[in-house]
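**Student:** Quick one, run_17.txt (compact mmCIF, C-alpha atoms):
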# COMPACT_ATOMS: atom_id res chain seq x y z
CA MET A 1 -58.56 -35.82 47.30
CA SER A 2 -58.07 -39.56 47.67
CA ASP A 3 -57.56 -41.03 51.13
CA THR A 4 -54.64 -43.03 49.75
CA HIS A 5 -52.29 -40.13 50.46
CA VAL A 6 -53.97 -38.34 53.39
CA THR A 7 -53.29 -39.11 57.03
CA GLN A 8 -55.99 -39.45 59.64
CA ALA A 9 -55.18 -35.90 60.80
CA GLY A 10 -55.97 -34.65 57.30
CA GLN A 11 -52.36 -33.90 56.35
CA THR A 12 -51.22 -34.74 52.85
CA LEU A 13 -48.48 -37.36 52.57
CA THR A 14 -45.59 -36.85 50.20
CA ALA A 15 -44.88 -39.51 47.58
CA TYR A 16 -42.11 -41.10 49.62
CA GLU A 17 -44.16 -40.95 52.82
CA GLN A 18 -46.75 -42.96 50.90
CA ILE A 19 -44.10 -45.54 50.09
CA ASP A 20 -43.03 -45.63 53.75
CA SER A 21 -46.61 -46.00 55.03
CA ARG A 22 -47.80 -48.77 52.71
CA PRO A 23 -46.98 -52.47 52.41
CA LEU A 24 -44.87 -53.50 49.43
CA THR A 25 -46.81 -53.75 46.19
CA GLY A 26 -46.39 -56.42 43.55
CA HIS A 27 -44.54 -53.92 41.36
CA GLN A 28 -42.04 -53.07 44.09
CA LYS A 29 -41.48 -56.78 44.63
CA SER A 30 -40.88 -57.12 40.88
CA ILE A 31 -38.01 -54.60 41.04
CA ILE A 32 -36.50 -56.47 43.98
CA GLY A 33 -36.97 -59.81 42.20
CA LEU A 34 -35.32 -58.49 39.05
CA ALA A 35 -32.28 -57.33 41.02
CA ILE A 36 -32.06 -60.70 42.80
CA ALA A 37 -32.39 -62.72 39.59
CA GLY A 38 -29.90 -60.50 37.81
CA ASN A 39 -27.24 -60.86 40.47
CA ILE A 40 -27.73 -64.62 40.80
CA SER A 41 -27.46 -65.07 37.05
CA GLU A 42 -24.51 -62.78 36.53
CA PHE A 43 -22.46 -64.05 39.46
CA PHE A 44 -23.27 -67.64 38.51
CA ASP A 45 -20.63 -67.22 35.81
CA MET A 46 -18.16 -65.46 38.10
CA PHE A 47 -18.30 -68.41 40.49
CA LEU A 48 -18.43 -70.94 37.64
CA ILE A 49 -15.05 -69.82 36.32
CA GLY A 50 -13.53 -71.22 39.53
CA PHE A 51 -14.87 -74.65 38.60
CA VAL A 52 -13.80 -74.22 34.99
CA VAL A 53 -10.23 -73.28 35.95
CA SER A 54 -10.04 -76.30 38.29
CA LEU A 55 -10.86 -78.47 35.25
CA LEU A 56 -8.52 -76.65 32.86
CA THR A 57 -5.49 -76.87 35.17
CA SER A 58 -5.08 -80.51 34.10
CA ALA A 59 -6.56 -80.30 30.61
CA TRP A 60 -4.54 -77.25 29.58
CA HIS A 61 -1.56 -77.80 31.94
CA LEU A 62 -2.01 -74.37 33.53
CA THR A 63 0.65 -73.05 35.88
CA GLY A 64 -0.35 -71.36 39.12
CA VAL A 65 0.50 -68.02 37.52
CA SER A 66 -1.58 -68.58 34.36
CA ALA A 67 -4.56 -69.79 36.40
CA GLY A 68 -4.17 -66.75 38.63
CA ILE A 69 -4.10 -64.44 35.59
CA ILE A 70 -7.36 -65.91 34.23
CA LEU A 71 -9.08 -65.40 37.57
CA ALA A 72 -7.51 -61.97 38.05
CA CYS A 73 -8.79 -60.82 34.65
CA SER A 74 -12.33 -61.46 35.85
CA GLY A 75 -11.47 -59.21 38.77
CA LEU A 76 -9.98 -56.57 36.46
CA GLY A 77 -13.21 -56.53 34.47
CA THR A 78 -15.19 -56.11 37.67
CA VAL A 79 -13.13 -53.05 38.62
CA ILE A 80 -13.68 -51.46 35.21
CA GLY A 81 -17.37 -52.37 35.22
CA SER A 82 -18.04 -51.01 38.70
CA ILE A 83 -16.52 -47.63 37.87
CA LEU A 84 -17.91 -47.44 34.34
CA TRP A 85 -21.51 -48.48 34.97
CA GLY A 86 -21.81 -46.58 38.24
CA ARG A 87 -21.01 -43.39 36.35
CA LEU A 88 -23.28 -44.24 33.42
CA ALA A 89 -26.17 -45.14 35.73
CA ASP A 90 -26.13 -41.61 37.16
CA ARG A 91 -25.93 -40.06 33.70
CA PHE A 92 -28.31 -42.24 31.68
CA GLY A 93 -30.39 -44.11 34.24
CA ARG A 94 -30.33 -47.30 36.28
CA LYS A 95 -32.50 -49.23 33.82
CA HIS A 96 -30.36 -48.52 30.74
CA ALA A 97 -27.17 -49.37 32.62
CA PHE A 98 -28.72 -52.63 33.85
CA GLN A 99 -29.60 -53.56 30.26
CA TRP A 100 -26.11 -52.98 28.91
CA CYS A 101 -24.49 -54.84 31.80
CA VAL A 102 -26.49 -57.94 30.88
CA LEU A 103 -25.66 -57.66 27.18
CA CYS A 104 -21.95 -57.15 27.86
CA PHE A 105 -21.80 -60.15 30.14
CA VAL A 106 -23.71 -62.46 27.79
CA VAL A 107 -21.76 -61.60 24.64
CA PHE A 108 -18.31 -62.21 26.13
CA THR A 109 -19.50 -65.40 27.81
CA ALA A 110 -20.83 -66.73 24.49
CA LEU A 111 -17.53 -65.99 22.77
CA SER A 112 -15.65 -67.98 25.43
CA VAL A 113 -17.46 -71.18 24.46
CA PHE A 114 -15.73 -71.27 21.06
CA LEU A 115 -12.12 -70.85 22.20
CA PRO A 116 -9.59 -73.41 20.92
CA ASP A 117 -8.01 -75.73 23.48
CA GLY A 118 -5.08 -74.23 25.36
CA ALA A 119 -6.00 -70.62 24.53
CA TRP A 120 -5.80 -69.44 28.11
CA ILE A 121 -4.63 -65.94 27.15
CA LEU A 122 -7.73 -65.41 25.00
CA LEU A 123 -9.87 -66.81 27.82
CA ALA A 124 -8.30 -64.29 30.21
CA ILE A 125 -9.04 -61.42 27.80
CA LEU A 126 -12.67 -62.48 27.39
CA ARG A 127 -12.99 -62.75 31.17
CA ILE A 128 -12.27 -59.02 31.35
CA GLY A 129 -15.34 -58.41 29.21
CA VAL A 130 -17.46 -60.73 31.31
CA GLY A 131 -16.24 -59.00 34.47
CA ILE A 132 -17.16 -55.56 33.09
CA GLY A 133 -20.79 -56.64 32.77
CA VAL A 134 -20.89 -58.44 36.09
CA GLY A 135 -19.11 -55.66 37.98
CA GLY A 136 -21.67 -53.09 36.93
CA LEU A 137 -24.80 -55.07 37.69
CA ASN A 138 -24.56 -55.12 41.48
CA ILE A 139 -23.59 -51.43 41.52
CA VAL A 140 -26.56 -50.50 39.33
CA SER A 141 -29.19 -52.80 40.84
CA ILE A 142 -28.77 -51.74 44.48
CA PRO A 143 -29.52 -48.01 43.97
CA TYR A 144 -32.33 -49.10 41.60
CA VAL A 145 -33.99 -51.02 44.46
CA GLN A 146 -33.15 -48.43 47.15
CA GLU A 147 -34.97 -45.72 45.24
CA PHE A 148 -38.27 -47.64 45.17
CA VAL A 149 -38.58 -49.08 48.71
CA PRO A 150 -39.48 -47.83 52.25
CA ALA A 151 -36.68 -46.28 54.31
CA ARG A 152 -37.34 -48.48 57.35
CA GLN A 153 -36.73 -51.66 55.31
CA ARG A 154 -34.19 -50.29 52.86
CA GLY A 155 -31.21 -52.18 54.29
CA MET A 156 -32.97 -55.52 54.11
CA LEU A 157 -34.74 -55.02 50.78
CA SER A 158 -31.79 -53.53 48.89
CA GLY A 159 -29.51 -56.07 50.54
CA LEU A 160 -31.63 -58.87 49.05
CA ALA A 161 -30.06 -57.99 45.69
CA SER A 162 -26.80 -59.35 47.11
CA VAL A 163 -28.15 -61.91 49.61
CA PHE A 164 -28.93 -64.54 46.99
CA ILE A 165 -25.78 -64.09 44.90
CA PRO A 166 -24.29 -67.27 46.46
CA LEU A 167 -27.07 -69.22 44.78
CA GLY A 168 -24.92 -68.63 41.70
CA LEU A 169 -22.26 -70.71 43.43
CA LEU A 170 -24.85 -73.36 44.28
CA LEU A 171 -26.02 -73.44 40.65
CA GLY A 172 -22.38 -73.71 39.58
CA SER A 173 -21.84 -76.64 41.93
CA VAL A 174 -24.99 -78.39 40.73
CA SER A 175 -24.06 -77.73 37.11
CA GLN A 176 -20.61 -79.23 37.52
CA SER A 177 -21.97 -82.27 39.35
CA LEU A 178 -24.45 -82.88 36.50
CA ILE A 179 -22.29 -81.95 33.51
CA GLY A 180 -18.93 -83.20 34.77
CA ASP A 181 -15.73 -82.20 32.98
CA ASN A 182 -17.22 -80.54 29.88
CA TRP A 183 -16.12 -76.99 30.54
CA ARG A 184 -17.60 -75.61 27.31
CA VAL A 185 -21.11 -76.63 28.33
CA LEU A 186 -20.55 -75.11 31.78
CA VAL A 187 -19.53 -71.79 30.25
CA ALA A 188 -22.43 -71.89 27.77
CA LEU A 189 -24.91 -71.93 30.66
CA GLY A 190 -23.78 -68.37 31.40
CA VAL A 191 -25.69 -67.11 28.34
CA ILE A 192 -29.08 -67.81 29.98
CA PRO A 193 -29.26 -64.37 31.71
CA VAL A 194 -30.13 -62.79 28.34
CA LEU A 195 -33.72 -63.67 29.32
CA LEU A 196 -33.55 -60.94 31.99
CA LEU A 197 -33.98 -58.33 29.27
CA PHE A 198 -37.63 -59.35 28.84
CA TRP A 199 -38.28 -58.81 32.57
CA LEU A 200 -36.42 -55.50 32.51
CA ALA A 201 -38.75 -54.25 29.78
CA THR A 202 -41.69 -54.39 32.22
CA VAL A 203 -40.25 -52.01 34.87
CA PRO A 204 -39.73 -48.20 34.79
CA GLU A 205 -36.66 -46.08 35.40
CA SER A 206 -35.89 -44.96 38.96
CA PRO A 207 -38.02 -41.95 40.06
CA ARG A 208 -35.07 -40.40 41.86
CA PHE A 209 -33.00 -40.58 38.67
CA TYR A 210 -35.82 -38.88 36.77
CA GLN A 211 -35.88 -36.08 39.35
CA SER A 212 -32.11 -35.68 39.22
CA VAL A 213 -32.41 -34.84 35.51
CA GLY A 214 -35.47 -32.61 35.91
CA ARG A 215 -38.13 -35.06 34.65
CA ASP A 216 -40.64 -34.75 37.50
CA ASN A 217 -43.62 -35.98 35.47
CA ASP A 218 -41.80 -39.21 34.62
CA ALA A 219 -40.77 -39.54 38.27
CA ARG A 220 -44.43 -39.28 39.30
CA LYS A 221 -45.41 -41.96 36.76
CA ALA A 222 -42.67 -44.28 38.06
CA LEU A 223 -43.88 -43.79 41.64
CA ALA A 224 -47.46 -44.39 40.55
CA TRP A 225 -46.33 -47.66 38.99
CA ALA A 226 -44.53 -48.66 42.22
CA LEU A 227 -47.48 -47.71 44.44
CA GLU A 228 -49.99 -49.16 41.96
CA LEU A 229 -51.96 -45.91 42.06
CA PRO A 230 -53.13 -43.43 39.42
CA ALA A 231 -50.51 -40.72 38.90
CA ASP A 232 -52.85 -38.00 40.23
CA GLN A 233 -53.06 -39.81 43.58
CA VAL A 234 -49.30 -39.75 44.14
CA GLY A 235 -48.22 -37.21 46.79
CA ALA A 236 -45.80 -34.33 46.38
CA LEU A 237 -42.30 -35.04 45.17
CA PRO A 238 -39.32 -33.74 47.14
CA LYS A 239 -37.83 -30.60 45.69
CA VAL A 240 -34.46 -30.88 43.99
CA GLU A 241 -32.77 -27.61 44.92
CA GLN A 242 -30.10 -27.80 42.27
CA GLU A 243 -29.79 -30.22 39.41
CA GLN A 244 -26.19 -31.37 39.14
CA LYS A 245 -24.67 -33.81 36.71
CA ALA A 246 -22.79 -36.56 38.44
CA SER A 247 -19.05 -35.95 38.14
CA TYR A 248 -15.86 -37.19 39.74
CA ARG A 249 -14.94 -33.59 40.57
CA LEU A 250 -18.16 -33.21 42.59
CA LEU A 251 -17.55 -36.59 44.22
CA LEU A 252 -13.97 -35.82 45.23
CA SER A 253 -14.68 -32.29 46.42
CA LYS A 254 -17.77 -33.02 48.54
CA HIS A 255 -17.76 -36.73 49.33
CA LEU A 256 -14.12 -37.74 49.74
CA LYS A 257 -14.48 -39.29 53.21
CA PRO A 258 -17.16 -41.85 52.30
CA LEU A 259 -15.32 -42.58 49.06
CA VAL A 260 -12.13 -43.44 50.99
CA ILE A 261 -14.05 -45.55 53.55
CA ILE A 262 -15.82 -47.56 50.85
CA SER A 263 -12.65 -48.00 48.77
CA VAL A 264 -10.50 -49.24 51.66
CA GLY A 265 -13.27 -51.20 53.37
CA SER A 266 -14.40 -52.92 50.16
CA PHE A 267 -10.82 -53.83 49.27
CA CYS A 268 -10.25 -55.51 52.62
CA PHE A 269 -13.50 -57.47 52.62
CA ILE A 270 -13.19 -58.52 48.99
CA LEU A 271 -9.60 -59.67 49.46
CA GLY A 272 -10.63 -61.68 52.51
CA SER A 273 -13.32 -63.62 50.67
CA PHE A 274 -12.71 -63.53 46.91
CA ALA A 275 -9.69 -65.82 47.08
CA ILE A 276 -11.99 -68.61 48.24
CA GLN A 277 -14.52 -67.87 45.51
CA SER A 278 -11.79 -68.07 42.87
CA TRP A 279 -9.20 -70.47 44.34
CA GLY A 280 -11.23 -72.47 46.87
CA GLN A 281 -12.14 -75.27 44.48
CA THR A 282 -8.54 -75.71 43.32
CA LEU A 283 -7.20 -75.71 46.89
CA MET A 284 -9.73 -78.31 48.00
CA LYS A 285 -8.94 -80.55 45.02
CA ASP A 286 -5.17 -80.18 44.61
CA ALA A 287 -3.96 -79.25 48.11
CA PHE A 288 -6.27 -81.42 50.20
CA GLY A 289 -7.02 -84.24 47.75
CA PHE A 290 -10.80 -84.04 47.42
CA SER A 291 -12.25 -85.36 44.17
CA THR A 292 -13.79 -82.98 41.65
CA GLN A 293 -17.23 -84.41 42.42
CA MET A 294 -16.74 -84.01 46.18
CA VAL A 295 -15.58 -80.41 45.75
CA ALA A 296 -18.78 -79.67 43.84
CA TYR A 297 -20.87 -81.13 46.69
CA LEU A 298 -18.88 -79.29 49.38
CA PHE A 299 -19.30 -75.96 47.62
CA MET A 300 -23.04 -76.46 47.58
CA GLY A 301 -22.74 -76.25 51.37
CA VAL A 302 -20.56 -73.16 51.04
CA SER A 303 -23.19 -71.43 48.92
CA VAL A 304 -25.91 -72.17 51.49
CA ALA A 305 -23.71 -70.83 54.32
CA ASP A 306 -22.96 -67.70 52.28
CA CYS A 307 -26.68 -67.08 51.63
CA ILE A 308 -27.42 -67.43 55.34
CA GLY A 309 -24.65 -64.95 56.16
CA ARG A 310 -25.82 -62.42 53.60
CA PHE A 311 -29.42 -62.65 54.75
CA GLY A 312 -28.23 -62.24 58.35
CA SER A 313 -26.20 -59.11 57.60
CA ALA A 314 -29.04 -57.52 55.59
CA TRP A 315 -31.51 -58.26 58.40
CA LEU A 316 -29.23 -57.14 61.24
CA ALA A 317 -28.41 -53.88 59.45
CA ASP A 318 -31.97 -52.67 60.05
CA ILE A 319 -31.87 -53.91 63.68
CA ILE A 320 -28.48 -52.98 65.16
CA GLY A 321 -27.30 -50.63 62.41
CA ARG A 322 -25.00 -50.91 59.40
CA ARG A 323 -21.69 -50.09 61.12
CA TRP A 324 -21.86 -52.68 63.89
CA THR A 325 -23.08 -55.33 61.49
CA MET A 326 -20.07 -54.68 59.26
CA PHE A 327 -17.69 -54.72 62.24
CA SER A 328 -18.96 -57.94 63.82
CA PHE A 329 -19.08 -59.86 60.56
CA GLY A 330 -15.57 -58.71 59.64
CA VAL A 331 -14.07 -59.81 62.94
CA ILE A 332 -15.72 -63.25 62.86
CA GLY A 333 -14.64 -63.71 59.23
CA ALA A 334 -11.06 -62.84 60.25
CA LEU A 335 -11.16 -65.50 62.96
CA GLY A 336 -12.16 -68.00 60.26
CA CYS A 337 -9.13 -66.97 58.20
CA PHE A 338 -6.79 -67.39 61.17
CA TYR A 339 -8.28 -70.83 61.85
CA ALA A 340 -7.63 -71.78 58.21
CA ALA A 341 -4.07 -70.46 58.49
CA PHE A 342 -3.03 -72.42 61.58
CA PHE A 343 -5.43 -75.38 61.91
CA HIS A 344 -5.58 -77.16 58.57
CA ASN A 345 -4.17 -80.58 59.34
CA SER A 346 -6.97 -82.09 57.28
CA GLY A 347 -9.11 -80.97 54.37
CA TRP A 348 -12.16 -81.08 56.62
CA GLN A 349 -10.65 -78.59 59.06
CA PHE A 350 -9.92 -76.28 56.15
CA TYR A 351 -13.48 -76.73 54.91
CA ILE A 352 -14.90 -75.68 58.30
CA ALA A 353 -12.80 -72.51 58.08
CA VAL A 354 -14.08 -71.89 54.55
CA LEU A 355 -17.66 -72.13 55.83
CA VAL A 356 -16.97 -69.55 58.55
CA ILE A 357 -15.18 -67.18 56.16
CA MET A 358 -17.92 -67.34 53.56
CA THR A 359 -20.73 -67.01 56.12
CA PHE A 360 -19.29 -63.83 57.62
CA ALA A 361 -16.52 -62.28 55.50
CA ASP A 362 -18.51 -62.83 52.31
CA GLY A 363 -21.87 -62.80 54.10
CA VAL A 364 -21.34 -59.12 54.91
CA PHE A 365 -22.00 -58.36 51.24
CA GLY A 366 -25.68 -58.64 52.08
CA ILE A 367 -25.33 -55.04 53.28
CA LEU A 368 -21.89 -53.81 52.14
CA ASN A 369 -22.89 -52.25 48.82
CA ALA A 370 -26.31 -51.17 50.08
CA PHE A 371 -24.54 -49.33 52.93
CA GLY A 372 -22.02 -47.92 50.47
CA GLY A 373 -24.77 -46.51 48.25
CA GLU A 374 -26.37 -44.82 51.27
CA GLN A 375 -23.21 -42.83 51.91
CA PHE A 376 -23.93 -40.63 48.87
CA PRO A 377 -26.82 -38.33 47.86
CA ASN A 378 -29.11 -39.13 44.93
CA ASP A 379 -27.18 -37.21 42.27
CA VAL A 380 -23.92 -39.15 42.75
CA ARG A 381 -25.14 -42.35 44.40
CA SER A 382 -24.22 -44.80 41.65
CA THR A 383 -21.08 -42.86 40.69
CA GLY A 384 -19.81 -42.83 44.29
CA LEU A 385 -20.66 -46.46 44.95
CA GLY A 386 -19.23 -47.53 41.60
CA LEU A 387 -15.93 -45.69 42.03
CA GLY A 388 -15.49 -46.72 45.67
CA TYR A 389 -16.37 -50.34 45.09
CA GLY A 390 -14.40 -50.35 41.83
CA ILE A 391 -11.24 -49.23 43.65
CA GLY A 392 -11.92 -51.81 46.34
CA ALA A 393 -12.53 -54.50 43.74
CA THR A 394 -8.87 -54.31 42.70
CA ALA A 395 -8.63 -56.94 45.44
CA LYS A 396 -10.17 -59.32 42.87
CA ILE A 397 -6.98 -58.82 40.88
CA VAL A 398 -4.54 -58.83 43.80
CA GLY A 399 -6.05 -61.87 45.55
CA PRO A 400 -5.96 -64.41 42.69
CA ILE A 401 -2.52 -63.28 41.47
CA PHE A 402 -1.19 -63.40 45.04
CA MET A 403 -2.48 -66.96 45.40
CA GLY A 404 -1.15 -67.89 41.95
CA LEU A 405 2.34 -66.65 42.80
CA LEU A 406 2.29 -68.57 46.08
CA VAL A 407 1.17 -71.75 44.32
CA GLY A 408 3.64 -71.48 41.42
CA GLY A 409 4.60 -74.89 40.03
CA ASP A 410 4.89 -76.30 36.54
CA TYR A 411 1.16 -76.69 36.47
CA VAL A 412 -1.28 -76.51 39.34
CA SER A 413 -2.59 -80.05 39.30
CA GLN A 414 0.86 -81.43 40.09
CA HIS A 415 0.94 -80.24 43.70
CA ILE A 416 0.08 -77.33 45.97
CA ASN A 417 2.27 -76.82 49.02
CA ILE A 418 0.04 -76.76 52.10
CA GLY A 419 2.16 -73.90 53.52
CA VAL A 420 0.46 -71.64 50.97
CA VAL A 421 -2.67 -71.76 53.14
CA THR A 422 -0.87 -70.43 56.24
CA THR A 423 0.72 -67.47 54.45
CA ALA A 424 -2.32 -66.48 52.43
CA PHE A 425 -5.01 -66.79 55.07
CA THR A 426 -3.03 -64.97 57.74
CA PHE A 427 -2.81 -62.06 55.34
CA PHE A 428 -6.52 -62.29 54.46
CA GLY A 429 -7.47 -62.33 58.16
CA VAL A 430 -5.51 -59.15 58.86
CA CYS A 431 -7.24 -57.46 55.91
CA LEU A 432 -10.67 -58.36 57.30
CA VAL A 433 -9.84 -56.84 60.68
CA ILE A 434 -8.78 -53.60 58.98
CA GLY A 435 -11.97 -53.56 56.90
CA ALA A 436 -14.15 -54.11 59.97
CA VAL A 437 -12.59 -51.14 61.76
CA VAL A 438 -12.74 -48.83 58.72
CA TYR A 439 -16.52 -49.12 58.41
CA LEU A 440 -16.94 -47.86 61.98
CA PHE A 441 -16.04 -44.41 60.58
CA ALA A 442 -18.91 -44.44 58.05
CA GLN A 443 -22.14 -42.48 58.53
CA GLU A 444 -24.83 -44.65 60.15
CA THR A 445 -27.85 -44.65 57.81
CA LYS A 446 -30.26 -47.02 59.54
CA GLY A 447 -33.85 -45.76 59.09
CA LYS A 448 -32.86 -42.47 57.42
CA ASP A 449 -34.64 -41.15 54.34
CA LEU A 450 -32.47 -41.06 51.21
CA GLU A 451 -33.13 -37.33 50.73
CA SER A 452 -31.55 -36.61 54.14
CA LEU A 453 -28.26 -38.33 53.30
Written as C-alpha cells, that's how I'd like the structure from this file.

**Tutor:**
Amino acid sequence: MSDTHVTQAGQTLTAYEQIDSRPLTGHQKSIIGLAIAGNISEFFDMFLIGFVVSLLTSAWHLTGVSAGIILACSGLGTVIGSILWGRLADRFGRKHAFQWCVLCFVVFTALSVFLPDGAWILLAILRIGVGIGVGGLNIVSIPYVQEFVPARQRGMLSGLASVFIPLGLLLGSVSQSLIGDNWRVLVALGVIPVLLLFWLATVPESPRFYQSVGRDNDARKALAWALELPADQVGALPKVEQEQKASYRLLLSKHLKPLVIISVGSFCFILGSFAIQSWGQTLMKDAFGFSTQMVAYLFMGVSVADCIGRFGSAWLADIIGRRWTMFSFGVIGALGCFYAAFFHNSGWQFYIAVLVIMTFADGVFGILNAFGGEQFPNDVRSTGLGLGYGIGATAKIVGPIFMGLLVGGDYVSQHINIGVVTTAFTFFGVCLVIGAVVYLFAQETKGKDLESL
C-alpha cells in the first residue's frame, strides 16, 4: 500500500482526506484557473454592455426606458440561465453545462455585431441569449471547483471563481479607451471566450457528480487526476446511501429554508450593486458630466476596488466565517449607498460612493455563490444554487428598469435629473441592509466537509 494515502499511525486516508492533507496540485489549480478565466471572459461582456449602451444612447437616441429594457434583458437572461444550467449541471454534469454556457454566450454575442443601426429591440432580445450563457457559468463553475479542493480552503478557492470577475469590467474599460466609440468592435471582443473550450477539454468531470449518478470508477479516475496519483493509490470514496436525481420537488421538500435565504439574500445584494454595473457609466457621463474617456478611466479604478473586495470576502470567509463576512460587507455597502443618496454635490463625491459600494456590496460576491452552494448537499447543489440565485437575479431586471423609469426623458443623453440618485440609492441601501441580515440565518459552513452538509 502506498504511503501517499496512509497516515503516520498506519490508518488509511479516504480520497477526500487525501485532498485535505495535500498541497494543491497543478491539475487542481487548472480547474480553479479555468473557472476564473471563464467568469472573467463571460462577465466581460455583461459589463461591456454598460459601455455600449452609454454610446448608443446618443447614436440611437435611446430613451431611459429603452436603455433600461436592453440592460434588463441581460438580467432576464441571467435569471433563466442560472435556473436552467444549475438544473442541467446536476443532471448531466458540471463540465457539459460549462461547455454549453460558453457556446450559448458566444453565439448570441456574435449575432449582436451584425445588427442594423437603431435595432435596439433586437439587441435586447439577443442580450437575453447572452445572459442565459453568462448566468449559468458562475452557477456551474463554483460547484465544479468546490468538488475538487480541500475543505479548509474551499471558501477562498471556490470564491476565486468570482473574485476576478471585475477584471471583466477593467478589460471593458481598457477596451473602450482603446477602441473609442465603435460599439460593434467592442461587442465583437466578446466572442474571444470560445477559446475556453480547448482548456475545458483537458479537465475531467466532477468526481462528486460521478458518484451522484453511480459512476464510482469514473469518480476515482477524476480524483486521481486531481491528486496526480495512479487511480489505485486513491483512498476510499464516501458511500452514497441513496442515489437521487436532482429535482425541484426534492429541493422544495427538504431544502426550502436555504433556498429562501439564498433567493432573498441574492436579490438584495444584486439589486444593491447591479445598478452601478449597468447604469454607472451612463450616470457618470450624463448626470455628472464626465467625458466618455474619463468614465472609462474611472471604471478601471472601480474594477480594481471590486477585485479587492471580492478577494477580501473570499479570504475572510475562511477566517471569521461566511455569515459574518456577508453581514459586514452588506452593511458597509449600504452605507456607501446612503452616502451616494445624500452627498453627491459633485461627480467625485458620487464616484467615492461608487467605489465603496462596489468594494463591499459587489465585493461580497467573492463568497456569496460559494456560500450558497454549500447550503445544499451534493445531489442538488447546482440545482439549489441555480434556482436560488436565479430567483435573486430577478434584481438584474428590476434594477435597470427601475433606474430607466426614474431617468425617463426623450433620450438619455439629453439630461438626467440628479434627484434620481437620491431616490434610487436610498432604496438600494435599504435592500443591502435586508440582505446582510438574511444571511445571518444561513448555516455556517466554514471548514465543514461537503459530505456533512

**Student:** Could you check which of A:Ala317, A:Ile367, A:Ala341, A:Ile391 is closest to A:Phe428, using all atoms listed in the file?

**Tutor:**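 Looking at the shortest contact to A:Phe428, the residue is A:Ala341.
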
**Student:** Which residues are close to stretch 289-294 of chain A, i.e. within 10 Å by all atoms listed in the file, leaving aside same-chain residues fewer than 5 positions away? Reply as number ranges by chain.

**Tutor:** A: 51, 54-55, 173-174, 176-178, 180-181, 281-284, 299-300, 346-348, 415

**Student:** Given all atoms listed in the file as the basis, pick out the residue of A:Val134, A:Ile49, A:Leu103, A:Leu250 nearest to A:Gly172.

**Tutor:**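 Looking at the shortest contact to A:Gly172, the residue is A:Ile49.
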
**Student:** Can you measure atom CA of A:Asp90 to atom CA of A:Ile192 for me? One decimal in Å is fine.

**Tutor:**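 The value is 27.3 Å.
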
**Student:** Please compute the atom CA of A:Gly372-atom CA of A:Ile332 distance, one decimal, in Å.

**Tutor:**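 It comes out at 20.7 Å.
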
**Student:** For stretch 380-393 of chain A, supply N, CA and C atoms and format the output as an mmCIF file, in the coordinates of the input.

**Tutor:**
data_model
loop_
_atom_site.group_PDB
_atom_site.id
_atom_site.type_symbol
_atom_site.label_atom_id
_atom_site.label_comp_id
_atom_site.auth_asym_id
_atom_site.auth_seq_id
_atom_site.Cartn_x
_atom_site.Cartn_y
_atom_site.Cartn_z
ATOM 1 N N VAL A 380 -25.194 -38.448 42.988
ATOM 2 C CA VAL A 380 -23.920 -39.150 42.750
ATOM 3 C C VAL A 380 -23.908 -40.539 43.386
ATOM 4 N N ARG A 381 -25.103 -41.079 43.660
ATOM 5 C CA ARG A 381 -25.140 -42.350 44.400
ATOM 6 C C ARG A 381 -24.436 -43.475 43.645
ATOM 7 N N SER A 382 -24.827 -43.707 42.407
ATOM 8 C CA SER A 382 -24.220 -44.800 41.650
ATOM 9 C C SER A 382 -22.764 -44.503 41.305
ATOM 10 N N THR A 383 -22.463 -43.233 41.002
ATOM 11 C CA THR A 383 -21.080 -42.860 40.690
ATOM 12 C C THR A 383 -20.179 -43.090 41.898
ATOM 13 N N GLY A 384 -20.622 -42.653 43.079
ATOM 14 C CA GLY A 384 -19.810 -42.830 44.290
ATOM 15 C C GLY A 384 -19.638 -44.292 44.659
ATOM 16 N N LEU A 385 -20.749 -45.036 44.634
ATOM 17 C CA LEU A 385 -20.660 -46.460 44.950
ATOM 18 C C LEU A 385 -19.812 -47.185 43.931
ATOM 19 N N GLY A 386 -19.994 -46.851 42.651
ATOM 20 C CA GLY A 386 -19.230 -47.530 41.600
ATOM 21 C C GLY A 386 -17.743 -47.274 41.698
ATOM 22 N N LEU A 387 -17.354 -46.007 41.930
ATOM 23 C CA LEU A 387 -15.930 -45.690 42.030
ATOM 24 C C LEU A 387 -15.327 -46.309 43.284
ATOM 25 N N GLY A 388 -16.021 -46.161 44.432
ATOM 26 C CA GLY A 388 -15.490 -46.720 45.670
ATOM 27 C C GLY A 388 -15.363 -48.227 45.625
ATOM 28 N N TYR A 389 -16.421 -48.883 45.178
ATOM 29 C CA TYR A 389 -16.370 -50.340 45.090
ATOM 30 C C TYR A 389 -15.401 -50.787 44.001
ATOM 31 N N GLY A 390 -15.327 -50.002 42.901
ATOM 32 C CA GLY A 390 -14.400 -50.350 41.830
ATOM 33 C C GLY A 390 -12.952 -50.321 42.304
ATOM 34 N N ILE A 391 -12.600 -49.286 43.080
ATOM 35 C CA ILE A 391 -11.240 -49.230 43.650
ATOM 36 C C ILE A 391 -11.028 -50.410 44.586
ATOM 37 N N GLY A 392 -12.031 -50.682 45.421
ATOM 38 C CA GLY A 392 -11.920 -51.810 46.340
ATOM 39 C C GLY A 392 -11.827 -53.143 45.627
ATOM 40 N N ALA A 393 -12.505 -53.238 44.476
ATOM 41 C CA ALA A 393 -12.530 -54.500 43.740
ATOM 42 C C ALA A 393 -11.194 -54.837 43.081
#
